[in-house]
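S.K.: The following file, structure.tsv, comprises TSV, C-alpha atoms:
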```
chain	number	residue	atom	x	y	z
A	797	MET	CA	-34.66	-20.29	17.45
A	798	LYS	CA	-31.79	-22.73	17.06
A	799	PRO	CA	-28.25	-21.24	16.94
A	800	ALA	CA	-27.57	-22.53	13.41
A	801	ARG	CA	-30.87	-21.13	12.12
A	802	TRP	CA	-30.25	-17.83	13.93
A	803	ALA	CA	-26.76	-17.56	12.42
A	804	SER	CA	-28.13	-18.27	8.94
A	805	GLY	CA	-30.85	-15.68	9.40
A	806	GLY	CA	-28.42	-13.13	10.79
A	807	TRP	CA	-26.07	-13.59	7.84
A	808	ARG	CA	-28.98	-13.20	5.40
A	809	TRP	CA	-30.13	-10.06	7.22
A	810	LEU	CA	-26.62	-8.61	6.97
A	811	LEU	CA	-26.30	-9.41	3.26
A	812	ASP	CA	-29.67	-7.77	2.59
A	813	ARG	CA	-28.33	-4.50	3.98
A	814	VAL	CA	-24.65	-4.56	3.10
A	815	GLU	CA	-23.11	-5.57	-0.22
A	816	LEU	CA	-20.87	-8.61	-0.20
A	817	ARG	CA	-17.94	-6.59	-1.59
A	818	THR	CA	-18.28	-4.16	1.31
A	819	LEU	CA	-18.09	-7.02	3.79
A	820	VAL	CA	-15.02	-8.37	2.00
A	821	ALA	CA	-13.42	-4.91	2.10
A	822	LEU	CA	-14.13	-4.61	5.82
A	823	GLY	CA	-12.57	-8.02	6.43
A	824	ALA	CA	-9.49	-7.08	4.36
A	825	LEU	CA	-9.21	-3.77	6.23
A	826	ALA	CA	-9.30	-5.53	9.59
A	827	GLY	CA	-6.71	-8.06	8.41
A	828	CYS	CA	-4.34	-5.35	7.18
A	829	LEU	CA	-4.61	-3.42	10.43
A	830	TRP	CA	-4.01	-6.55	12.48
A	831	LEU	CA	-0.94	-7.46	10.44
A	832	PHE	CA	0.50	-3.94	10.70
A	833	VAL	CA	0.05	-3.87	14.48
A	834	ALA	CA	1.61	-7.34	14.81
A	835	LEU	CA	4.57	-6.32	12.64
A	836	ALA	CA	5.08	-3.08	14.55
A	837	ASP	CA	5.09	-4.95	17.85
A	838	GLU	CA	7.68	-7.46	16.56
A	839	VAL	CA	9.87	-4.72	15.11
A	840	LEU	CA	9.84	-2.70	18.33
A	841	GLU	CA	10.90	-5.77	20.29
A	842	GLY	CA	13.68	-6.56	17.78
A	843	ASP	CA	12.31	-10.00	16.95
A	844	THR	CA	12.38	-9.41	13.18
A	845	HIS	CA	16.02	-8.35	12.89
A	846	ALA	CA	17.40	-11.80	12.11
A	847	ILE	CA	14.94	-12.55	9.31
A	848	ASP	CA	15.33	-9.01	7.96
A	849	GLU	CA	19.09	-9.45	7.72
A	850	ARG	CA	18.77	-12.87	6.10
A	851	LEU	CA	16.36	-11.67	3.43
A	852	LEU	CA	18.29	-8.50	2.70
A	853	LEU	CA	21.59	-10.36	2.27
A	854	ALA	CA	19.89	-12.98	0.09
A	855	LEU	CA	19.60	-10.29	-2.59
A	856	ARG	CA	23.36	-9.57	-2.49
A	857	ASN	CA	26.46	-11.21	-3.89
A	858	PRO	CA	27.78	-13.43	-1.04
A	859	ALA	CA	31.34	-12.46	-1.94
A	860	ASP	CA	30.56	-8.74	-2.04
A	861	PRO	CA	27.48	-7.47	-0.12
A	862	ALA	CA	27.84	-4.12	-1.89
A	863	ASP	CA	26.93	-5.83	-5.18
A	864	PRO	CA	23.19	-6.63	-5.69
A	865	LEU	CA	22.37	-9.90	-7.42
A	866	GLY	CA	21.89	-9.76	-11.18
A	867	PRO	CA	23.38	-7.78	-14.06
A	868	PRO	CA	23.88	-3.99	-13.92
A	869	TRP	CA	20.75	-3.34	-15.98
A	870	LEU	CA	18.63	-5.00	-13.27
A	871	GLU	CA	19.85	-2.54	-10.65
A	872	GLU	CA	19.08	0.33	-13.01
A	873	LEU	CA	15.62	-1.11	-13.64
A	874	MET	CA	15.00	-1.30	-9.89
A	875	ARG	CA	15.86	2.38	-9.58
A	876	ASP	CA	13.33	3.15	-12.32
A	877	ILE	CA	10.67	1.09	-10.57
A	878	THR	CA	11.32	2.58	-7.14
A	879	ALA	CA	10.97	6.08	-8.62
A	880	LEU	CA	7.32	5.27	-9.37
A	881	GLY	CA	6.73	5.35	-5.61
A	882	SER	CA	8.61	8.58	-4.95
A	883	PHE	CA	6.90	11.66	-3.55
A	884	GLY	CA	7.45	13.70	-6.74
A	885	ILE	CA	5.99	11.11	-9.11
A	886	LEU	CA	3.00	10.34	-6.88
A	887	ALA	CA	2.32	14.05	-6.31
A	888	ALA	CA	2.39	14.68	-10.07
A	889	ILE	CA	0.03	11.77	-10.77
A	890	THR	CA	-2.33	12.90	-8.00
A	891	ALA	CA	-2.37	16.49	-9.27
A	892	ALA	CA	-2.99	15.37	-12.84
A	893	VAL	CA	-5.88	13.10	-11.85
A	894	ALA	CA	-7.39	15.72	-9.54
A	895	GLY	CA	-7.23	18.32	-12.31
A	896	PHE	CA	-8.87	15.92	-14.76
A	897	LEU	CA	-11.68	15.16	-12.31
A	898	TRP	CA	-12.17	18.87	-11.61
A	899	LEU	CA	-12.54	19.64	-15.31
A	900	SER	CA	-14.86	16.64	-15.66
A	901	ARG	CA	-17.02	18.10	-12.86
A	902	ASP	CA	-16.58	14.94	-10.79
A	903	ARG	CA	-15.74	16.85	-7.63
A	904	ARG	CA	-16.61	13.98	-5.29
A	905	SER	CA	-14.01	11.70	-6.86
A	906	MET	CA	-11.50	14.53	-6.91
A	907	TRP	CA	-11.85	15.06	-3.16
A	908	LEU	CA	-11.60	11.32	-2.61
A	909	VAL	CA	-8.26	11.19	-4.40
A	910	LEU	CA	-6.88	14.24	-2.61
A	911	ALA	CA	-8.06	13.08	0.82
A	912	SER	CA	-6.77	9.55	0.28
A	913	VAL	CA	-3.29	10.54	-0.92
A	914	GLY	CA	-2.91	13.54	1.38
A	915	GLY	CA	-4.09	11.63	4.42
A	916	GLY	CA	-1.89	8.68	3.57
A	917	GLN	CA	1.15	10.94	3.29
A	918	ALA	CA	0.42	12.46	6.70
A	919	LEU	CA	-0.01	9.02	8.30
A	920	SER	CA	3.24	7.80	6.73
A	921	ALA	CA	5.17	10.77	8.09
A	922	LEU	CA	3.67	10.34	11.57
A	923	ALA	CA	4.44	6.61	11.63
A	924	LYS	CA	8.05	7.16	10.56
A	925	HIS	CA	8.51	9.80	13.24
A	926	GLY	CA	6.88	7.62	15.88
A	927	PHE	CA	8.81	4.40	15.21
A	928	ASP	CA	12.05	6.12	14.13
A	929	ARG	CA	13.65	2.86	12.97
A	930	PRO	CA	17.15	3.23	11.48
A	931	ARG	CA	17.74	2.33	7.85
A	932	PRO	CA	19.61	-0.90	7.02
A	933	ASP	CA	23.36	-0.58	7.54
A	934	LEU	CA	24.44	-3.99	6.21
A	935	VAL	CA	24.85	-2.90	2.61
A	936	PRO	CA	25.43	0.39	0.76
A	937	HIS	CA	22.23	2.16	-0.15
A	938	GLY	CA	21.37	2.21	-3.84
A	939	MET	CA	19.67	5.60	-3.38
A	940	VAL	CA	19.84	8.64	-1.12
A	941	THR	CA	17.50	8.45	1.91
A	942	TYR	CA	16.26	11.21	4.20
A	943	THR	CA	13.70	9.69	6.55
A	944	ALA	CA	13.36	6.82	9.03
A	945	SER	CA	12.82	3.27	7.87
A	946	PHE	CA	9.52	1.96	9.31
A	947	PRO	CA	7.16	1.78	7.54
A	948	SER	CA	8.40	2.11	3.96
A	949	GLY	CA	6.97	5.37	2.64
A	950	HIS	CA	7.37	4.30	-0.99
A	951	SER	CA	5.49	1.06	-0.36
A	952	MET	CA	2.75	2.70	1.68
A	953	MET	CA	2.12	5.64	-0.63
A	954	ALA	CA	2.29	3.47	-3.75
A	955	ALA	CA	-0.43	1.27	-2.23
A	956	VAL	CA	-2.54	4.28	-1.26
A	957	THR	CA	-2.23	6.07	-4.61
A	958	TYR	CA	-2.29	3.25	-7.15
A	959	LEU	CA	-4.94	1.17	-5.38
A	960	THR	CA	-7.21	4.20	-4.96
A	961	LEU	CA	-6.86	5.16	-8.62
A	962	ALA	CA	-7.30	1.55	-9.75
A	963	ALA	CA	-10.50	1.24	-7.70
A	964	MET	CA	-11.86	4.39	-9.35
A	965	VAL	CA	-11.04	3.14	-12.84
A	966	ALA	CA	-12.26	-0.40	-12.15
A	967	ARG	CA	-15.68	0.70	-10.88
A	968	VAL	CA	-16.62	2.16	-14.31
A	969	GLN	CA	-15.49	-0.87	-16.34
A	970	PRO	CA	-18.30	-2.89	-17.93
A	971	THR	CA	-16.99	-6.41	-17.26
A	972	PRO	CA	-15.43	-8.24	-14.29
A	973	ALA	CA	-12.45	-9.18	-16.46
A	974	LEU	CA	-11.59	-5.53	-17.10
A	975	ARG	CA	-12.00	-4.65	-13.43
A	976	ALA	CA	-9.74	-7.52	-12.42
A	977	TYR	CA	-7.19	-6.49	-15.07
A	978	VAL	CA	-6.97	-2.92	-13.75
A	979	LEU	CA	-6.67	-4.02	-10.12
A	980	ALA	CA	-4.11	-6.72	-10.96
A	981	TRP	CA	-1.80	-4.19	-12.64
A	982	ALA	CA	-2.10	-1.81	-9.68
A	983	ILE	CA	-1.27	-4.59	-7.21
A	984	ALA	CA	1.68	-5.76	-9.35
A	985	LEU	CA	3.05	-2.22	-9.47
A	986	VAL	CA	2.74	-1.79	-5.71
A	987	LEU	CA	4.52	-5.11	-5.10
A	988	ALA	CA	7.31	-4.24	-7.55
A	989	ILE	CA	7.94	-0.87	-5.88
A	990	GLY	CA	8.19	-2.47	-2.45
A	991	LEU	CA	10.54	-5.21	-3.63
A	992	SER	CA	12.77	-2.61	-5.32
A	993	ARG	CA	13.26	-0.89	-1.95
A	994	VAL	CA	14.67	-4.07	-0.41
A	995	TYR	CA	16.76	-4.84	-3.51
A	996	LEU	CA	18.37	-1.40	-3.34
A	997	GLY	CA	19.15	-1.91	0.36
A	998	VAL	CA	17.25	1.15	1.59
A	999	HIS	CA	14.59	-0.76	3.57
A	1000	TRP	CA	14.26	-3.85	5.72
A	1001	PRO	CA	11.72	-6.37	4.33
A	1002	THR	CA	9.42	-5.80	7.32
A	1003	ASP	CA	9.42	-2.05	6.53
A	1004	VAL	CA	8.02	-2.85	3.11
A	1005	LEU	CA	5.46	-5.35	4.40
A	1006	ALA	CA	4.26	-2.80	6.95
A	1007	GLY	CA	4.03	-0.15	4.23
A	1008	TRP	CA	1.94	-2.44	2.05
A	1009	THR	CA	-0.47	-3.31	4.86
A	1010	ALA	CA	-0.82	0.26	6.11
A	1011	GLY	CA	-1.30	1.63	2.59
A	1012	ALA	CA	-3.85	-1.01	1.66
A	1013	ALA	CA	-5.74	-0.41	4.92
A	1014	TRP	CA	-5.89	3.34	4.31
A	1015	ALA	CA	-6.97	2.89	0.67
A	1016	LEU	CA	-9.72	0.47	1.75
A	1017	ALA	CA	-10.87	2.84	4.50
A	1018	CYS	CA	-11.12	5.72	2.02
A	1019	TRP	CA	-12.99	3.55	-0.47
A	1020	LEU	CA	-15.48	2.44	2.18
A	1021	ALA	CA	-15.99	6.03	3.33
A	1022	ALA	CA	-16.59	7.18	-0.25
A	1023	THR	CA	-19.04	4.34	-0.86
A	1024	TRP	CA	-20.95	5.20	2.31
A	1025	ALA	CA	-21.08	8.90	1.38
A	1026	GLU	CA	-22.21	8.08	-2.14
A	1027	ARG	CA	-25.13	6.00	-0.88
A	1028	ARG	CA	-26.27	8.74	1.50
A	1029	ALA	CA	-26.00	11.50	-1.09
A	1030	PRO	CA	-29.31	12.62	-2.65
```
Could you rewrite the structure in this file as structure tokens?
M.R.:
Amino acid sequence: MKPARWASGGWRWLLDRVELRTLVALGALAGCLWLFVALADEVLEGDTHAIDERLLLALRNPADPADPLGPPWLEELMRDITALGSFGILAAITAAVAGFLWLSRDRRSMWLVLASVGGGQALSALAKHGFDRPRPDLVPHGMVTYTASFPSGHSMMAAVTYLTLAAMVARVQPTPALRAYVLAWAIALVLAIGLSRVYLGVHWPTDVLAGWTAGAAWALACWLAATWAERRAP
């Protein structure tokens, strides 16, 4: 068999056994993991410090680095947005959704949510402890911080929680437009939370990018595991 014909046949064989969306999810998962590992390597070697400083200072008044760009209400809005990625808010949302699923007798989805968010929180804590990167010291922090900087816990856990919940909501929508709408809002929220962390001066930009990639990878991994378990269930 010629190589081109074999490749075409192999691709058709794979598509017959695995859904296209699953293949796309696997590719996205691999891409996120690769990007996180590449970022971590660059951060450990100190190669990202110059670009981190440049981007962080770009969001500050050149005459006064303590003053973020924009009017006072914008800084207050950023604090509101960043709170949506805090441990308390995400824990409350997770508990509310888990309770709703329990009462709805959808125990499989309930365990998916709890495992995804709980596992993501554990991975975030381990990563912070392992890398132990100091927080930015160029500008005053717009909020109180307690943990290390890499990866951004707000960015990672927002990606884990909101993308997991959006995937659950999207899968029961009747049209592609509604599914895309739900996922687009979740992605926009995750991006806004990450950007607010840099704006408030509590994270380097690479912390946020690493949080996004790690959170998306974990959410995709949980979704793939749930899909596999659902297909094998009687």
S.K.: Excluding A:Leu880 and any residue of its chain fewer than 6 positions from it, enumerate the residues within 8 Å of it, using all atoms listed in the file, and give them as JSON, numbers by chain.
M.R.: {"A": [886, 954, 989]}
S.K.: Separation of atom CA of A:Gly1011 and atom CA of A:Ala921, in Å?
M.R.: 12.5 Å
S.K.: Hey, what's within 7 Å of stretch 826-839 of chain A if we count only C-alpha atoms and toss same-chain stuff fewer than 6 positions away? As a list of chain:residue names, please?
M.R.: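 My list of contacting residues is A:Ala1006, A:Thr1009, A:Ala1010, A:Ala1013.
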S.K.: Only C-alpha atoms, please: the residues just picked out, written as a JSON list (two decimals), in the coordinates of the input.
M.R.:
```
[["chain", "number", "residue", "atom", "x", "y", "z"],
["A", 1006, "ALA", "CA", 4.26, -2.80, 6.95],
["A", 1009, "THR", "CA", -0.47, -3.31, 4.86],
["A", 1010, "ALA", "CA", -0.82, 0.26, 6.11],
["A", 1013, "ALA", "CA", -5.74, -0.41, 4.92]]
```
S.K.: My list of candidates is A:Ala1017, A:Leu852, A:Ala879, A:Val893. Which is closest to A:Val986 when distances are computed with all atoms listed in the file?
M.R.: A:Ala879
S.K.: Residues around (18.8, 4.1, -9.6), cut-off 12 Å, counting all atoms listed in the file - what are they as a PyMOL selection string?
M.R.: chain A and resi 868-880+937-940+992-993+995-998
